[in-house]
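J.: Below is one structure. I have some questions about it.
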Amino acid sequence: TPIKEITEGSATISTSGAVFYNPVQEFNRDLSIAVISTFVNDYKEELKAAKGQQTGVENNKITILEALSATGLRSIRYAKEIPGVERVIANDISTKAVEDIKQNVVKNNVDQIVSVSHSDASMLMYQHRKSDQFEVIDLDPYGCPSHFLDSSVQAVKEGGLLLITATDMAVLAGNSPETCYSKYGAISIRIKSCHEMAVRILLQCIESHANRYGRYIVPLLSLSADFYIRVFVRVFSGAKKCKFSATKLSHVYHCTGCDSFTLHPLIIAKTDKNHHKFGIPSGPPVSKNCEECKHPHHIGGPIWSAPIHSHEFVKKLLDTVPDSLKTYKRIEGVLSVILEELIDQPLYYTLDRLSGTLHVEMPSMMVLRSALLNAGYMVSFTHMNKTSIKTDAPKKVVWDIMRCW
Ligand code: SAM
């Protein structure tokens, strides 16, 4: 096969085409560079502050593990484009991929920073679970990432960053709920807000792996783009905090007729004078058939029902994304919408489904948003679907507005 030369960002790589390379993922790689840069900045500041308070805090060298590296393009870009990164490990299980990575590392003069590794990603991460953990681990597999989660949640440093892609959208979007359960430990359902449901299934899966080791996650940014989802989460340790994990999960009662949804938490926390009590909610939260259209409900989940982004982080990111990135405009657009998303309102309504159910003409986004705002509720777009809304309005209010607009 003829050798192809590809330039992306500050890297120029060669590949025979036998190793995975997808130009569409440039947005994913650009965004990851921006996220890791912002994270590294924050992380170094946190370490510096901790060092001031206690002795023996480790030095703040940053190592990134790209566990599934293919051509090495991403690792080379991380080494060249992220300030403050001392070491990147580009790993792949395929011999052909490792040959490509080795050549590309030399070609780009980053052999002082990028080391090449030829291992099974899980084995490599298990070797780093007790010591020599990584500040950043990037998992960008074919399809489902779940079999790399057990090792990655252990191999990342305290407060470190995991970047995880999933491309098996059919499974996550409700086409085979039983497969979704076996891979992610949650039932996916065919709901119009399936992209957000997919993100939330992945987050609950990561947290459940972390919990086994007394760890928990804090999502910085979660997105749906093109044919995949990608989440950026920090991992921390703390047995007490892990007790709250079940409070961040809900089942989704989804009406098969009108696409309405109701969330039902697994556990409720009642905090009383700094004393935490946990209670199992009574249920179910809805009657067997939907009050609006009388169709039966399906029950999906559990999904992550806590925030999927950190507003503080996204704001900082938006202020610091390098405008030299080729997909800068797209990143800026997506992050601006994300910054406005209602953080405490999981899932969303799509306009076509709302109007299709009632057989009424589709209102403009403006009309629906104004009606909800005038009725005293919050409303936002979501980056996951252009013609949809998030709102804290009760279902009945949304349907009443749709009937009378
Ligand atoms: N991150 C790359 C990029 O941005 O261009 C693309 C990675 S590609 C989607 C997935 C890679 O994972 C393939 O090169 C494949 O050889 C590798 N892979 C699959 N299973 C693996 C395993 N168990 N350990 C390490 N690498 C693996």
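Residue numbers start at 1 in each chain; chains themselves are named A, B, ... in the order of the structure tokens; ligands are numbered from 1 in the order shown.
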If you count only C-alpha atoms and all ligand atoms, which residues end up within 6 Å of ligand 1, as a PDB file with C-alpha atoms, in the first residue's frame?
T.:
```
ATOM      1  CA  PHE A  20      -6.487   3.449  11.855  1.00  0.00           C
ATOM      2  CA  TYR A  21      -6.641   7.134  10.974  1.00  0.00           C
ATOM      3  CA  LEU A  68      -4.889   3.189  22.087  1.00  0.00           C
ATOM      4  CA  SER A  69      -2.734   5.258  19.823  1.00  0.00           C
ATOM      5  CA  ALA A  70      -2.905   3.835  16.241  1.00  0.00           C
ATOM      6  CA  LEU A  73      -0.773  11.302  15.665  1.00  0.00           C
ATOM      7  CA  ARG A  74      -2.651  12.257  18.826  1.00  0.00           C
ATOM      8  CA  ASP A  92      -0.991   0.156  20.877  1.00  0.00           C
ATOM      9  CA  ILE A  93      -1.452  -3.606  20.769  1.00  0.00           C
ATOM     10  CA  SER A  94      -0.968  -3.829  16.995  1.00  0.00           C
ATOM     11  CA  ALA A  97       0.521   0.525  14.591  1.00  0.00           C
ATOM     12  CA  SER A 119       1.143  -3.659  25.067  1.00  0.00           C
ATOM     13  CA  ASP A 120      -2.399  -4.554  25.747  1.00  0.00           C
ATOM     14  CA  ALA A 121      -3.804  -1.285  27.129  1.00  0.00           C
ATOM     15  CA  ASP A 140     -10.074   6.251  22.184  1.00  0.00           C
ATOM     16  CA  PRO A 141     -11.093   2.700  21.259  1.00  0.00           C
ATOM     17  CA  TYR A 142     -13.089   1.209  18.431  1.00  0.00           C
TER      18      TYR A 142
END
```
J.: What lies within 10 Å of Glu196 of chain A using only C-alpha atoms, ignoring chain neighbours under 5 positions off, as a PyMOL selection string?
T.: chain A and resi 172-173+191+201-202+222-224+229+303+308+346-348+382-385
J.: Output C-alpha atoms of each residue in that selection to a file, as a compact mmCIF listing (two decimals), in the first residue's frame.
T.:
```txt
# COMPACT_ATOMS: atom_id res chain seq x y z
CA LEU A 172 -26.11 3.29 23.69
CA ALA A 173 -29.09 4.75 21.83
CA ILE A 191 -35.72 8.17 23.35
CA ILE A 201 -24.93 5.83 30.68
CA LEU A 202 -21.19 6.08 30.02
CA SER A 222 -19.24 15.75 28.09
CA LEU A 223 -20.19 15.91 24.47
CA SER A 224 -21.91 14.25 21.58
CA ILE A 229 -19.59 10.65 22.48
CA ILE A 303 -28.18 6.93 34.18
CA ILE A 308 -22.35 16.33 33.02
CA PRO A 346 -31.10 15.92 32.41
CA LEU A 347 -32.39 15.05 28.92
CA TYR A 348 -34.40 17.23 26.52
CA THR A 382 -28.43 21.66 24.08
CA HIS A 383 -25.40 21.13 21.84
CA MET A 384 -26.60 17.55 21.23
CA ASN A 385 -29.62 18.42 19.09
```
J.: Could you list, as number ranges by chain, every residue within 10 Å of Glu292 of chain A, counting only C-alpha atoms and ignoring same-chain residues fewer than 4 positions away?
T.: A: 255, 257-258, 260, 395-396, 399
J.: With 12 Å as the cut-off and only C-alpha atoms counted, what is the closest atom pair between each nearby residue of segment 286-345 of chain A and segment 29-36 of chain A? Distances in Å to one decimal, ordered by chain and number, as a tab-separated table.
T.:
```
residue	atom	partner	partner_atom	distance
A:Phe313	CA	A:Val35	CA	9.0
A:Val314	CA	A:Val35	CA	8.9
A:Lys315	CA	A:Val35	CA	11.4
A:Lys316	CA	A:Val35	CA	9.7
A:Leu317	CA	A:Val35	CA	6.7
A:Leu318	CA	A:Ala34	CA	9.0
A:Asp319	CA	A:Ala34	CA	10.5
A:Thr320	CA	A:Ala34	CA	7.7
A:Val321	CA	A:Ala34	CA	5.5
A:Pro322	CA	A:Ala34	CA	7.1
A:Asp323	CA	A:Ala34	CA	10.1
A:Ser324	CA	A:Asp30	CA	9.8
A:Leu325	CA	A:Asp30	CA	6.3
A:Lys326	CA	A:Asp30	CA	7.6
A:Thr327	CA	A:Asp30	CA	6.8
A:Tyr328	CA	A:Asp30	CA	7.9
A:Lys329	CA	A:Leu31	CA	11.1
A:Arg330	CA	A:Leu31	CA	9.6
A:Ile331	CA	A:Leu31	CA	6.7
A:Glu332	CA	A:Leu31	CA	9.8
A:Gly333	CA	A:Leu31	CA	11.9
A:Val334	CA	A:Leu31	CA	10.3
A:Leu335	CA	A:Leu31	CA	9.9
```
J.: Need the shell around Thr256 of chain A: protein/DNA/RNA residues with any atom at most 7 Å away, counting only C-alpha atoms. Skip same-chain ones fewer than 5 positions apart. Format as a list in words?
T.: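 The contact residues come out as His295, Pro296, His297 and His298 of chain A.
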J.: Just to confirm, what's the straight-line distance from atom CA of Asp344 of chain A to atom CA of Phe261 of chain A in Å (one decimal)?
T.: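 Atom-to-atom, atom CA of Asp344 of chain A to atom CA of Phe261 of chain A, that is 14.9 Å.
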